[in-house]
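In what follows, a single structure is set out as structure tokens and then discussed.
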Amino acid sequence: MKTKLIIFDFDGTLGDTRRNIVTTMQMTIAELRLPKRSENECASTIGLPLGGCFQALFPDMQADMVQCCVDTYRRIFDENLKDIKPEAFPLVVETLSALKRRGCMLTIASSRSNASLVELVRDMGIADCFSLLIGANDVEKAKPDPEPVLKTLDILNLLSCKNLIDKGHVVNQESKAYVHACQALVVGDMAVDILMGANAGAKTCGVTWGNGTKEELQQAGADYLIDNMDELLEIIT
């Protein structure tokens, strides 16, 4: 079935933000005098909601301290943006433009806040490519829960087959006004992205240039794996 909608992760998939995230996380840990964590330990949490990152690094941390970490991180991240500018990965800008020309609807489902996502997408010059941006604060349940995908479909008035049955809607299944979950492709660099898409009934594509490993993406059940962004153009056909 033809792919009508592509839902992208942002960090590690479209934007090369690893240095920003890891540096900010380590600076937050240092400022709050918490035990040090390595670059790889910090990077392994990318893709989780911000509070979940610190809970993963410090499993015994209390809720009030988690919130303190989140607030400190956001302040330092904004300060670091003045000196460390994230950039789009190679072929991202060109491929997004080509996908739009081919009639694909493009959106983002990210674990970062909506405000931060909007700012970064604008700074990278790719904001006009997307019909919708879903951030962590736009959903109740984070990846790998399917809510970000299902909410994307709902907001775009493109309901999945399951939602049509659950909500009692009666529509022509051949109508091009709707995109079902099985016509959507979720693209991400982490296992949580792949699981989110699969849990929603969408096809999934793992990218190997991000923060997750090829083995992790395969174990999560990715339908496709790509080493370069422009390979998406072959997948959608």
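Lettering and numbering for the structure tokens are positional, with chains as A, B, ... in the shown order, residues counted from 1 in each chain, and ligands counted from 1 in the shown order.
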Would you kindly return, as a list in words, each protein, DNA or RNA residue with an atom no farther than 10 Å from any atom of A:Asp138, considering only C-alpha atoms and excluding same-chain residues fewer than 2 positions away?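 Result of the neighbour search: Ala109, Ser110, Ser111, Ser113, Asn114, Leu133, Ile134, Gly135, Ala136, Glu140, Lys141, Ala142, Glu147, Pro148 and Lys151 of chain A.
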Put those residues in a file: C-alpha atoms, as a CSV table (one decimal), in the first residue's frame.
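Result written to part.csv:
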chain,number,residue,atom,x,y,z
A,109,ALA,CA,6.8,13.1,16.6
A,110,SER,CA,9.6,14.0,19.1
A,111,SER,CA,10.4,13.5,22.8
A,113,SER,CA,9.1,19.9,24.1
A,114,ASN,CA,7.0,21.4,21.3
A,133,LEU,CA,4.9,18.9,14.9
A,134,ILE,CA,4.1,16.7,18.0
A,135,GLY,CA,6.3,17.3,21.1
A,136,ALA,CA,6.5,15.5,24.4
A,140,GLU,CA,0.0,11.9,27.7
A,141,LYS,CA,2.0,8.8,26.9
A,142,ALA,CA,5.4,8.9,25.4
A,147,GLU,CA,-0.2,7.8,21.1
A,148,PRO,CA,2.1,10.2,19.2
A,151,LYS,CA,-2.7,11.6,17.7
Please provide as number ranges by chain all residues within 8 Å of A:Lys36, with the sequence filter that same-chain residues fewer than 5 positions apart are discarded (counting only C-alpha atoms). A: 26, 29-30
Go ahead and write the selection's residues with N, CA, C and O atoms as a PDB file, in the first residue's frame.
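The resulting file, selection-v3.pdb, is reproduced below:
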ATOM      1  N   GLN A  26      25.501  16.508  30.804  1.00  0.00           N
ATOM      2  CA  GLN A  26      26.655  16.422  31.698  1.00  0.00           C
ATOM      3  C   GLN A  26      26.842  17.715  32.489  1.00  0.00           C
ATOM      4  O   GLN A  26      27.235  17.675  33.661  1.00  0.00           O
ATOM      5  N   ILE A  29      24.255  17.620  35.280  1.00  0.00           N
ATOM      6  CA  ILE A  29      24.695  16.698  36.330  1.00  0.00           C
ATOM      7  C   ILE A  29      25.779  17.339  37.194  1.00  0.00           C
ATOM      8  O   ILE A  29      25.764  17.231  38.432  1.00  0.00           O
ATOM      9  N   ALA A  30      26.718  18.037  36.547  1.00  0.00           N
ATOM     10  CA  ALA A  30      27.806  18.687  37.284  1.00  0.00           C
ATOM     11  C   ALA A  30      27.280  19.819  38.159  1.00  0.00           C
ATOM     12  O   ALA A  30      27.683  19.959  39.324  1.00  0.00           O
TER      13      ALA A  30
END
Would you kindly return, as a ChimeraX atom specification, each protein, DNA or RNA residue with an atom no farther than 10 Å from any atom of A:Pro90, considering only C-alpha atoms and excluding same-chain residues fewer than 5 positions away? /A:14-16,95,209,228-230
Since we have the selection now, will you write its residues out, keeping C-alpha atoms, as a compact mmCIF listing (two decimals), in the first residue's frame?
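Generated file (result27.txt):
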# COMPACT_ATOMS: atom_id res chain seq x y z
CA LEU A 14 16.72 14.74 11.20
CA GLY A 15 18.85 16.89 13.50
CA ASP A 16 22.37 16.12 14.70
CA THR A 95 15.15 14.42 0.74
CA TRP A 209 23.37 7.40 11.57
CA ASN A 228 21.41 7.43 3.91
CA MET A 229 18.39 9.70 4.05
CA ASP A 230 17.68 9.62 0.31
If DSSP is run on the backbone, what residues of stretch 52-218 of chain A are strand (DSSP E)? A reply as a ChimeraX atom specification would be ideal. /A:87-88,105-109,132-134,184-188,203-207
Only C-alpha atoms, please: the residues just picked out, written as a tab-separated table (two decimals), in the first residue's frame.
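Saved the output as selection12.tsv:
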chain	number	residue	atom	x	y	z
A	87	GLU	CA	22.57	20.93	11.99
A	88	ALA	CA	20.52	18.69	9.75
A	105	MET	CA	2.61	14.43	4.00
A	106	LEU	CA	5.44	14.90	6.51
A	107	THR	CA	5.20	15.32	10.30
A	108	ILE	CA	7.45	15.00	13.36
A	109	ALA	CA	6.84	13.13	16.63
A	132	LEU	CA	2.43	18.98	12.05
A	133	LEU	CA	4.91	18.88	14.94
A	134	ILE	CA	4.10	16.72	17.97
A	184	ALA	CA	2.07	5.69	7.42
A	185	LEU	CA	5.81	5.21	7.81
A	186	VAL	CA	7.57	6.05	11.09
A	187	VAL	CA	11.25	6.94	10.71
A	188	GLY	CA	13.60	7.06	13.70
A	203	LYS	CA	5.43	0.58	8.88
A	204	THR	CA	8.78	1.52	10.42
A	205	CYS	CA	12.20	2.55	9.16
A	206	GLY	CA	15.33	2.71	11.29
A	207	VAL	CA	18.18	5.07	10.41
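Each of A:Pro59, A:Arg102, A:Leu96, A:Ala202 was checked against A:Ala127 using only C-alpha atoms; the smallest atom-to-atom distance is that of A:Leu96.
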Could you give me, as an MDAnalysis selection string, the residues within 8 Å of A:Asn20, counting only C-alpha atoms and dropping anything in the same chain fewer than 3 positions from it? chainID A and resid 17 23:24 77 80:81 84:86
Could you please take those selected residues and save N, CA, C and O atoms as a compact mmCIF listing (two decimals), in the first residue's frame?
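Ended up saving to result-v8.txt:
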# COMPACT_ATOMS: atom_id res chain seq x y z
N THR A 17 21.84 16.45 17.03
CA THR A 17 21.80 17.16 18.31
C THR A 17 22.53 16.41 19.42
O THR A 17 22.45 16.82 20.58
N THR A 23 26.29 17.20 26.05
CA THR A 23 26.99 18.28 26.75
C THR A 23 26.10 18.92 27.80
O THR A 23 26.51 19.15 28.95
N THR A 24 24.84 19.19 27.43
CA THR A 24 23.91 19.82 28.36
C THR A 24 23.59 18.89 29.53
O THR A 24 23.49 19.32 30.68
N PHE A 77 20.50 24.17 28.09
CA PHE A 77 20.37 23.85 26.67
C PHE A 77 20.18 25.13 25.86
O PHE A 77 20.82 25.33 24.82
N ASN A 80 23.42 26.96 25.69
CA ASN A 80 24.39 26.29 24.82
C ASN A 80 24.09 26.49 23.34
O ASN A 80 24.99 26.40 22.49
N LEU A 81 22.81 26.74 23.01
CA LEU A 81 22.44 26.93 21.61
C LEU A 81 23.15 28.12 20.98
O LEU A 81 23.27 28.22 19.75
N ILE A 84 26.60 26.16 20.29
CA ILE A 84 26.55 24.86 19.62
C ILE A 84 25.25 24.79 18.81
O ILE A 84 24.18 24.57 19.36
N LYS A 85 25.34 25.00 17.52
CA LYS A 85 24.17 25.02 16.66
C LYS A 85 23.96 23.64 16.03
O LYS A 85 24.79 23.17 15.26
N PRO A 86 22.84 22.97 16.35
CA PRO A 86 22.57 21.68 15.70
C PRO A 86 22.36 21.87 14.20
O PRO A 86 21.85 22.91 13.76
Between A:Asn199, A:Ser116, A:Thr152, A:Gln62, which has the minimum distance to A:Leu5 (counting only C-alpha atoms)? A:Thr152
One decimal, in Å: what's the spacing between atom CA of A:Pro146 and atom CA of A:Val121?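 Rounded to one decimal, the two atoms are 22.9 Å apart.
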Select, from A:Thr28, A:Gln218, A:Thr237, A:Ser131, the residue with the minimum atom-to-atom distance to A:Ile76, counting only C-alpha atoms. A:Thr28
Using only C-alpha atoms, pick whichever of A:Ala98, A:Ile46, A:Val139, A:Met65 has the shortest atom-to-atom distance to A:Asp193.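 Going through A:Ala98, A:Ile46, A:Val139, A:Met65 one by one, the smallest distance to A:Asp193 is for A:Ile46.
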Between A:Lys4, A:Arg74, A:Lys143, A:Lys214, smallest distance to A:Ile21 by only C-alpha atoms belongs to A:Arg74
